[in-house]
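What follows is one structure encoded as structure tokens, with my remarks underneath.
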Amino acid sequence: MENLDGLRDEVLASVGAAADLDALEGARISALGRKGRITALMKGLGALAADERRHAGQALNALQAEVVAAIARRKRELGRGELDARLAEERVDVTLPVRPGPSGRIHPISQTVDEVVAIFGEMGFQVAEGPDIEDDWYNFTALNIPPEHPARQEMDTFYLPGAKDGSRLVLRTHTSPVQIRTMQEHAPPLRIIVPGRTYRCDSDATHSPMFHQVEGLLVDESTHFGHLKGCLIEFCRAYFGIEDLPVRFRPSYFPFTEPSAEVDIGCSREAGELKIGRGGDWLEILGCGMVNPKVLENCGVDPARFQGFAFGMGLERIAMLKYGIADLRTFFDSDVRWLKHFGFAALDIPSLVGGLNR
Ligand code: PHE
């Protein structure tokens, strides 16, 4: 029988050197497999004399047990090594801060436009747009505001430098010129709302030289003042989220509507604090009226056949009332602290179904 010490060292060395589980299995097979070196020696025991056989058998059994134990130990080591390697690789630093959410905010004006569009969209109005720079005819004349009409002065118009032909361009003082453009381009029936920038030379806590309005225009063969009232009452209640909000129509004058009205909503002013809703006091929020037949005529729409209503309101004003913003000029200060406070989460898209007042 060969020297078992040499075999033992060799086999244990190959087990100890196995770098992974495959190599370890190879080492096991070459020692203890069917044709392994220790197996072969055990098969040879039968040919030995009884005395020698017992002696050699005991030595081989001890060697086999030692190798089996060494393989098991190495297996544990390799397994732990693999686990250690995975743990090192897949390490998570639990002290890191959680992933921050989006930090940008939707500006209250954008949010208010979305809210107004959601409400009127549900009533079948479509969004229309027009240019910020208009000529005199679209901004005034076509809307039945003739030259020298006091409304031209009242609106504190920004005029652009005069052109050679004497015509003057203006920064539109209201969104009403888009009524004219829409009626020129599309035949009735029409139902549009026009959110957009407007400009007047004025600046204090409730005025900014650039501000926003939303215009509404509906033209068809049968719409009357009752529809105008129903539509705007519905709007006010939906926008402020107050089901029984009092809404009042007060006779007024606009050159482009006849008859005209200003719309007030109910509020209370107790101890200097303004609250929208029942309370016995009134707050003006928009202008409206039946489209003046002269305006229809100016756009080539037959006033004997078509009629409709129009309205216009200041977006900053209704945003200030709803969200408790005290100074209109702060909308345009670009102060990130203000935006963080009054802004809206990017995915908080207003809809009548999802809620306007989250
Ligand atoms: N254009 C008017 C304004 O700026 C508002 C308005 C629009 C009134 C449409 C009646 C109809 O004050």
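Chain identifiers are assigned as A, B, and so on, following the order in which chains appear in the structure tokens; residues are numbered from 1 within each chain, and ligands are numbered from 1 in order of appearance.
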Range 228-232 of chain A: which residues within 10 Å, counting only C-alpha atoms, same-chain residues fewer than 2 positions away excluded, as a PyMOL selection string?
chain A and resi 120+123+218+223-226+234-238+247-249+261+263+286+288-290+308-311
Determine, counting only C-alpha atoms, which protein, DNA and RNA residues have an atom within 12 Å of an atom of Val219 in chain A; residues of the same chain fewer than 4 positions away are not included. Present the result as an NGL selection string.
:A and (125 or 179-180 or 182-183 or 186-192 or 223-224 or 227-228 or 290-293 or 295-296 or 301-303 or 305-310)
Let me see if you get this right: every residue at most 7 Å from ligand 1, counting only C-alpha atoms and all ligand atoms, written as a PDB file with C-alpha atoms, in the first residue's frame.
```
ATOM      1  CA  THR A 173     -55.242  95.649 -22.999  1.00  0.00           C
ATOM      2  CA  HIS A 174     -57.628  92.687 -22.737  1.00  0.00           C
ATOM      3  CA  THR A 175     -58.197  89.252 -24.295  1.00  0.00           C
ATOM      4  CA  SER A 176     -61.322  90.513 -26.104  1.00  0.00           C
ATOM      5  CA  GLU A 215     -62.085  85.607 -22.100  1.00  0.00           C
ATOM      6  CA  GLY A 216     -65.174  83.598 -22.964  1.00  0.00           C
ATOM      7  CA  PHE A 254     -68.980  97.609 -21.953  1.00  0.00           C
ATOM      8  CA  PHE A 256     -68.709  95.328 -26.901  1.00  0.00           C
ATOM      9  CA  THR A 257     -71.652  93.840 -25.010  1.00  0.00           C
ATOM     10  CA  SER A 260     -73.719  94.236 -19.943  1.00  0.00           C
ATOM     11  CA  LEU A 286     -65.858  89.569 -13.744  1.00  0.00           C
ATOM     12  CA  GLY A 287     -67.520  91.465 -16.608  1.00  0.00           C
ATOM     13  CA  CYS A 288     -69.932  89.997 -19.124  1.00  0.00           C
ATOM     14  CA  GLY A 289     -72.838  90.620 -21.456  1.00  0.00           C
ATOM     15  CA  ALA A 310     -69.036  87.080 -23.782  1.00  0.00           C
ATOM     16  CA  PHE A 311     -67.248  87.453 -20.479  1.00  0.00           C
ATOM     17  CA  GLY A 312     -63.807  88.387 -19.237  1.00  0.00           C
ATOM     18  CA  MET A 313     -62.031  88.139 -15.907  1.00  0.00           C
TER      19      MET A 313
END
```
Need to verify the contact set: Leu21 in chain A, 8 Å, only C-alpha atoms, exclusion of same-chain residues closer than 4 positions in sequence. Can you return it as a PyMOL selection string?
chain A and resi 25+75+78
Restrict the selected residues to C-alpha atoms and save them as an mmCIF file, in the first residue's frame.
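part06.cif was written with the following content:
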```cif
data_model
loop_
_atom_site.group_PDB
_atom_site.id
_atom_site.type_symbol
_atom_site.label_atom_id
_atom_site.label_comp_id
_atom_site.auth_asym_id
_atom_site.auth_seq_id
_atom_site.Cartn_x
_atom_site.Cartn_y
_atom_site.Cartn_z
ATOM 1 C CA GLU A 25 -16.290 19.225 -6.767
ATOM 2 C CA LYS A 75 -17.613 24.369 0.937
ATOM 3 C CA LEU A 78 -16.541 29.206 -0.381
#
```
Please build the interface table for range 121-220 of chain A against range 323-340 of chain A with a cut-off of 6 Å, listing for each qualifying residue the nearest atom pair and the distance in Å to one decimal; count only C-alpha atoms, order rows by chain and increasing number, and write it as CSV.
```
residue,atom,partner,partner_atom,distance
A:Ala205,CA,A:Asp327,CA,4.8
A:Thr206,CA,A:Leu328,CA,5.1
A:Ser208,CA,A:Arg329,CA,5.9
```
Quick one: everything within 12 Å of Leu7 in chain A, counting only C-alpha atoms, minus sequence neighbours fewer than 2 positions away in the same chain. Send it as a ChimeraX atom specification.
/A:1-5,9-14,30-31,36-38,41,59-60,63-64,67
